[in-house]
$ cat model.csv   # CSV, C-alpha atoms
chain,number,residue,atom,x,y,z
C,1,MET,CA,7.3,-5.1,231.8
C,2,GLN,CA,7.5,-8.0,234.2
C,3,ILE,CA,9.5,-11.2,234.0
C,4,ARG,CA,7.9,-14.3,235.5
C,5,PHE,CA,8.2,-18.1,235.4
C,6,GLY,CA,6.3,-19.5,232.5
C,7,THR,CA,3.6,-22.2,232.7
C,8,ARG,CA,1.8,-24.6,230.4
C,9,ASP,CA,-0.7,-21.8,229.8
C,10,ASP,CA,2.0,-20.0,227.9
C,11,ALA,CA,2.7,-22.8,225.4
C,12,GLU,CA,0.7,-21.4,222.5
C,13,ARG,CA,2.1,-17.9,222.7
C,14,ILE,CA,5.6,-19.2,223.1
C,15,ALA,CA,5.2,-21.4,220.1
C,16,ALA,CA,4.0,-18.5,218.0
C,17,LEU,CA,6.9,-16.2,219.1
C,18,HIS,CA,9.4,-19.0,218.6
C,19,THR,CA,8.1,-19.5,215.0
C,20,GLU,CA,8.0,-15.7,214.3
C,21,SER,CA,11.6,-15.4,215.6
C,22,TRP,CA,12.9,-18.3,213.4
C,23,LEU,CA,11.1,-16.8,210.4
C,24,THR,CA,12.8,-13.5,211.0
C,25,ALA,CA,16.2,-14.6,212.1
C,26,TYR,CA,16.7,-17.7,209.8
C,27,THR,CA,15.4,-16.5,206.5
C,28,GLY,CA,18.3,-17.0,204.1
C,29,ILE,CA,20.0,-19.3,206.6
C,30,MET,CA,17.6,-22.3,206.8
C,31,PRO,CA,15.9,-23.7,203.7
C,32,ASP,CA,12.8,-21.8,202.7
C,33,GLY,CA,10.9,-25.0,202.3
C,34,TYR,CA,11.5,-25.8,206.0
C,35,LEU,CA,10.6,-22.3,207.3
C,36,ASN,CA,7.5,-22.2,205.2
C,37,GLY,CA,6.4,-25.7,206.2
C,38,PRO,CA,4.7,-26.8,209.4
C,39,LEU,CA,7.1,-24.8,211.6
C,40,LEU,CA,4.3,-23.5,213.9
C,41,ASP,CA,3.0,-27.0,214.4
C,42,GLU,CA,6.5,-28.3,215.3
C,43,ARG,CA,7.0,-25.4,217.8
C,44,ARG,CA,3.5,-26.0,219.3
C,45,ALA,CA,4.3,-29.7,219.8
C,46,LEU,CA,7.7,-28.9,221.3
C,47,TRP,CA,6.3,-26.4,223.8
C,48,THR,CA,3.2,-28.4,224.7
C,49,ALA,CA,5.5,-31.3,225.5
C,50,ARG,CA,8.1,-29.3,227.4
C,51,LEU,CA,5.5,-27.5,229.5
C,52,GLY,CA,3.3,-30.5,230.1
C,53,THR,CA,6.1,-32.8,231.3
C,54,ALA,CA,7.4,-32.7,234.8
C,55,ALA,CA,11.2,-33.1,235.3
C,56,PRO,CA,12.2,-36.5,236.5
C,57,GLU,CA,14.3,-35.0,239.3
C,58,PRO,CA,14.0,-31.6,241.0
C,59,ASP,CA,17.7,-30.7,240.1
C,60,ARG,CA,16.9,-31.5,236.4
C,61,ALA,CA,13.9,-29.1,236.3
C,62,PRO,CA,14.1,-26.6,233.5
C,63,CYS,CA,13.4,-22.9,233.8
C,64,LEU,CA,11.1,-20.9,231.5
C,65,LEU,CA,11.2,-17.2,231.9
C,66,VAL,CA,8.6,-15.0,230.1
C,67,VAL,CA,8.4,-11.3,229.8
C,68,GLY,CA,5.1,-9.5,229.0
C,69,ASP,CA,1.6,-9.4,230.4
C,70,ASP,CA,-1.5,-11.5,230.3
C,71,THR,CA,-2.1,-10.8,226.6
C,72,THR,CA,1.3,-10.0,225.1
C,73,LEU,CA,4.4,-12.1,225.1
C,74,LEU,CA,7.5,-9.9,224.5
C,75,GLY,CA,10.1,-12.6,224.9
C,76,PHE,CA,11.2,-15.7,226.7
C,77,ALA,CA,14.2,-17.7,227.8
C,78,TYR,CA,14.4,-21.5,228.5
C,79,LEU,CA,17.2,-23.1,230.4
C,80,THR,CA,17.7,-26.8,231.1
C,81,PRO,CA,20.4,-28.7,232.9
C,82,GLY,CA,22.7,-30.4,230.4
C,83,THR,CA,24.1,-33.9,230.6
C,84,ASP,CA,27.6,-32.5,231.0
C,85,GLY,CA,27.0,-30.5,234.2
C,86,ARG,CA,26.5,-27.2,232.5
C,87,LEU,CA,23.2,-25.4,231.9
C,88,LEU,CA,21.9,-25.1,228.3
C,89,LEU,CA,20.2,-21.9,227.4
C,90,ASP,CA,18.1,-23.6,224.8
C,91,ASN,CA,16.0,-20.7,223.7
C,92,LEU,CA,16.1,-16.9,224.0
C,93,HIS,CA,13.6,-15.1,221.8
C,94,VAL,CA,12.3,-11.5,221.7
C,95,GLN,CA,9.6,-10.2,219.5
C,96,PRO,CA,11.5,-9.3,216.3
C,97,GLY,CA,10.3,-5.6,216.4
C,98,LEU,CA,11.6,-5.3,220.0
C,99,LYS,CA,15.1,-6.5,219.5
C,100,ARG,CA,17.7,-4.1,220.8
C,101,SER,CA,15.2,-2.8,223.4
C,102,GLY,CA,16.9,-4.4,226.4
C,103,ILE,CA,14.4,-7.3,226.7
C,104,GLY,CA,17.0,-9.9,225.8
C,105,ARG,CA,19.5,-8.5,228.2
C,106,ARG,CA,17.0,-8.5,231.0
C,107,LEU,CA,16.0,-12.1,230.2
C,108,MET,CA,19.7,-13.1,230.3
C,109,ARG,CA,20.2,-11.4,233.7
C,110,HIS,CA,17.2,-13.2,235.1
C,111,ALA,CA,18.4,-16.5,233.5
C,112,PHE,CA,21.8,-16.1,235.1
C,113,ALA,CA,20.2,-15.2,238.5
C,114,TRP,CA,18.2,-18.4,238.3
C,115,ALA,CA,21.2,-20.5,237.3
C,116,SER,CA,23.3,-19.0,240.2
C,117,ALA,CA,20.6,-19.7,242.7
C,118,GLN,CA,19.5,-23.2,241.5
C,119,HIS,CA,22.8,-24.5,240.1
C,120,PRO,CA,25.7,-22.6,241.7
C,121,GLY,CA,29.1,-23.1,240.2
C,122,LYS,CA,27.7,-24.2,236.8
C,123,ALA,CA,28.5,-22.7,233.4
C,124,VAL,CA,25.8,-21.6,231.0
C,125,TYR,CA,26.1,-22.3,227.3
C,126,LEU,CA,24.0,-22.0,224.2
C,127,GLU,CA,24.2,-23.1,220.6
C,128,VAL,CA,23.5,-20.7,217.7
C,129,LEU,CA,23.6,-21.0,214.0
C,130,ARG,CA,27.0,-19.6,212.8
C,131,ASP,CA,25.3,-17.4,210.2
C,132,ASN,CA,23.0,-15.7,212.8
C,133,THR,CA,25.5,-12.9,213.2
C,134,PRO,CA,23.2,-10.5,215.1
C,135,ALA,CA,22.6,-13.1,217.8
C,136,ILE,CA,26.3,-13.9,218.0
C,137,ALA,CA,27.2,-10.2,218.4
C,138,PHE,CA,24.6,-10.0,221.2
C,139,TYR,CA,26.0,-13.0,223.0
C,140,ARG,CA,29.6,-11.7,222.7
C,141,SER,CA,28.5,-8.3,224.1
C,142,LEU,CA,27.2,-10.2,227.2
C,143,GLY,CA,30.6,-11.9,227.7
C,144,GLY,CA,29.9,-15.2,226.0
C,145,HIS,CA,33.0,-17.0,224.7
C,146,LEU,CA,33.2,-19.2,221.6
C,147,THR,CA,33.8,-22.7,222.9
C,148,LYS,CA,32.9,-25.1,220.1
C,149,GLU,CA,32.0,-25.3,216.4
C,150,PHE,CA,30.1,-28.2,214.8
C,151,VAL,CA,27.6,-29.1,212.1
C,152,GLU,CA,24.1,-29.9,213.2
C,153,HIS,CA,22.0,-32.3,211.2
C,154,PHE,CA,18.3,-31.3,211.4
C,155,PRO,CA,15.6,-34.0,211.2
C,156,ALA,CA,14.1,-32.2,208.2
C,157,GLY,CA,17.1,-33.3,206.2
C,158,PHE,CA,19.5,-30.4,206.1
C,159,ALA,CA,22.7,-29.5,208.0
C,160,LEU,CA,24.0,-26.1,209.2
C,161,PRO,CA,27.1,-24.9,211.0
C,162,VAL,CA,26.6,-24.1,214.6
C,163,VAL,CA,28.7,-22.4,217.2
C,164,GLU,CA,28.6,-22.7,221.0
C,165,TYR,CA,29.0,-19.8,223.4
C,166,THR,CA,29.7,-20.3,227.1
C,167,TRP,CA,29.6,-18.2,230.2
C,168,THR,CA,31.8,-19.3,233.1
C,169,PRO,CA,30.4,-19.9,236.5
C,170,ASP,CA,32.0,-16.6,237.7
C,171,THR,CA,30.3,-14.7,234.9
C,172,VAL,CA,27.0,-16.3,235.6
C,173,SER,CA,27.1,-15.6,239.3
C,174,ALA,CA,28.2,-12.0,238.6
C,175,GLY,CA,25.1,-11.6,236.4
C,176,MET,CA,27.0,-10.4,233.4
$ encode --input "model.csv" --output "structure tokens"
Amino acid sequence: MQIRFGTRDDAERIAALHTESWLTAYTGIMPDGYLNGPLLDERRALWTARLGTAAPEPDRAPCLLVVGDDTTLLGFAYLTPGTDGRLLLDNLHVQPGLKRSGIGRRLMRHAFAWASAQHPGKAVYLEVLRDNTPAIAFYRSLGGHLTKEFVEHFPAGFALPVVEYTWTPDTVSAGM
């Protein structure tokens, strides 16, 4: 199982895993009409745009880490510099049948190593739906601290409570 930097050639497989992950994790949390709608098309457009667009400045370049081989994507993580000086872990997804296998933890270690090397002294944070309790338990087990709660209004016309978890620069540089 290798972890490498992702490329635009990964967009389709990432969109598919992103969709499958949401369908598994968010059933009963997000409206069924949304999850059963054009979710794959939305994720495909998102990843095609993200991976087809160069960062305006080198220090604003995002990081896409993928785990798997040439045919199978087991998981991925996507980090991007935030506007507030921190790094946003915007996506962390593992094949639903492989959760609790260590892939997510390995992706987080690699993400923190990248963050420490490319953005030393920066905190890493993520936002997760408050009702996604398995993900929250995972982030807490990795030393994430609850730093904010808010309601996110989705473009599809619904709103859900979200929590933010943060890792301090010291935790990031220590690699968990």
$ atom_distance --input "model.csv" --atom1 "CA of Leu146 in chain C" --atom2 "CA of Val162 in chain C"
10.8 Å
$ residues_near_point --input "model.csv" --point "(13.1, -30.5, 222.8)" --cutoff "12 Å" --atoms "all atoms listed in the file" --output "VMD selection string"
chain C and resid 42 to 51 53 62 78 to 80 88 90 to 91
$ closest_residue --input "model.csv" --among "C:Tyr139, C:Phe112, C:Tyr34, C:Tyr165" --to "Trp22 in chain C" --atoms "all atoms listed in the file"
C:Tyr34
$ residues_near_point --input "model.csv" --point "(8.9, -15.7, 216.6)" --cutoff "12 Å" --atoms "all atoms listed in the file" --output "VMD selection string"
chain C and resid 12 to 26 35 39 to 40 43 to 44 73 to 76 91 to 99
$ atom_distance --input "model.csv" --atom1 "CA of Phe154 in chain C" --atom2 "CA of Gly6 in chain C"
27.0 Å
$ atom_distance --input "model.csv" --atom1 "CA of Lys122 in chain C" --atom2 "CA of Pro169 in chain C"
5.1 Å
$ closest_residue --input "model.csv" --among "C:Val67, C:Trp167, C:Lys148, C:Pro155" --to "Gly102 in chain C" --atoms "only C-alpha atoms"
C:Val67
$ closest_residue --input "model.csv" --among "C:Arg106, C:His119, C:His145, C:Arg140" --to "Gly175 in chain C" --atoms "all atoms listed in the file"
C:Arg106
$ closest_residue --input "model.csv" --among "C:Thr83, C:Gln2, C:Asn132, C:Thr71" --to "Leu160 in chain C" --atoms "all atoms listed in the file"
C:Asn132
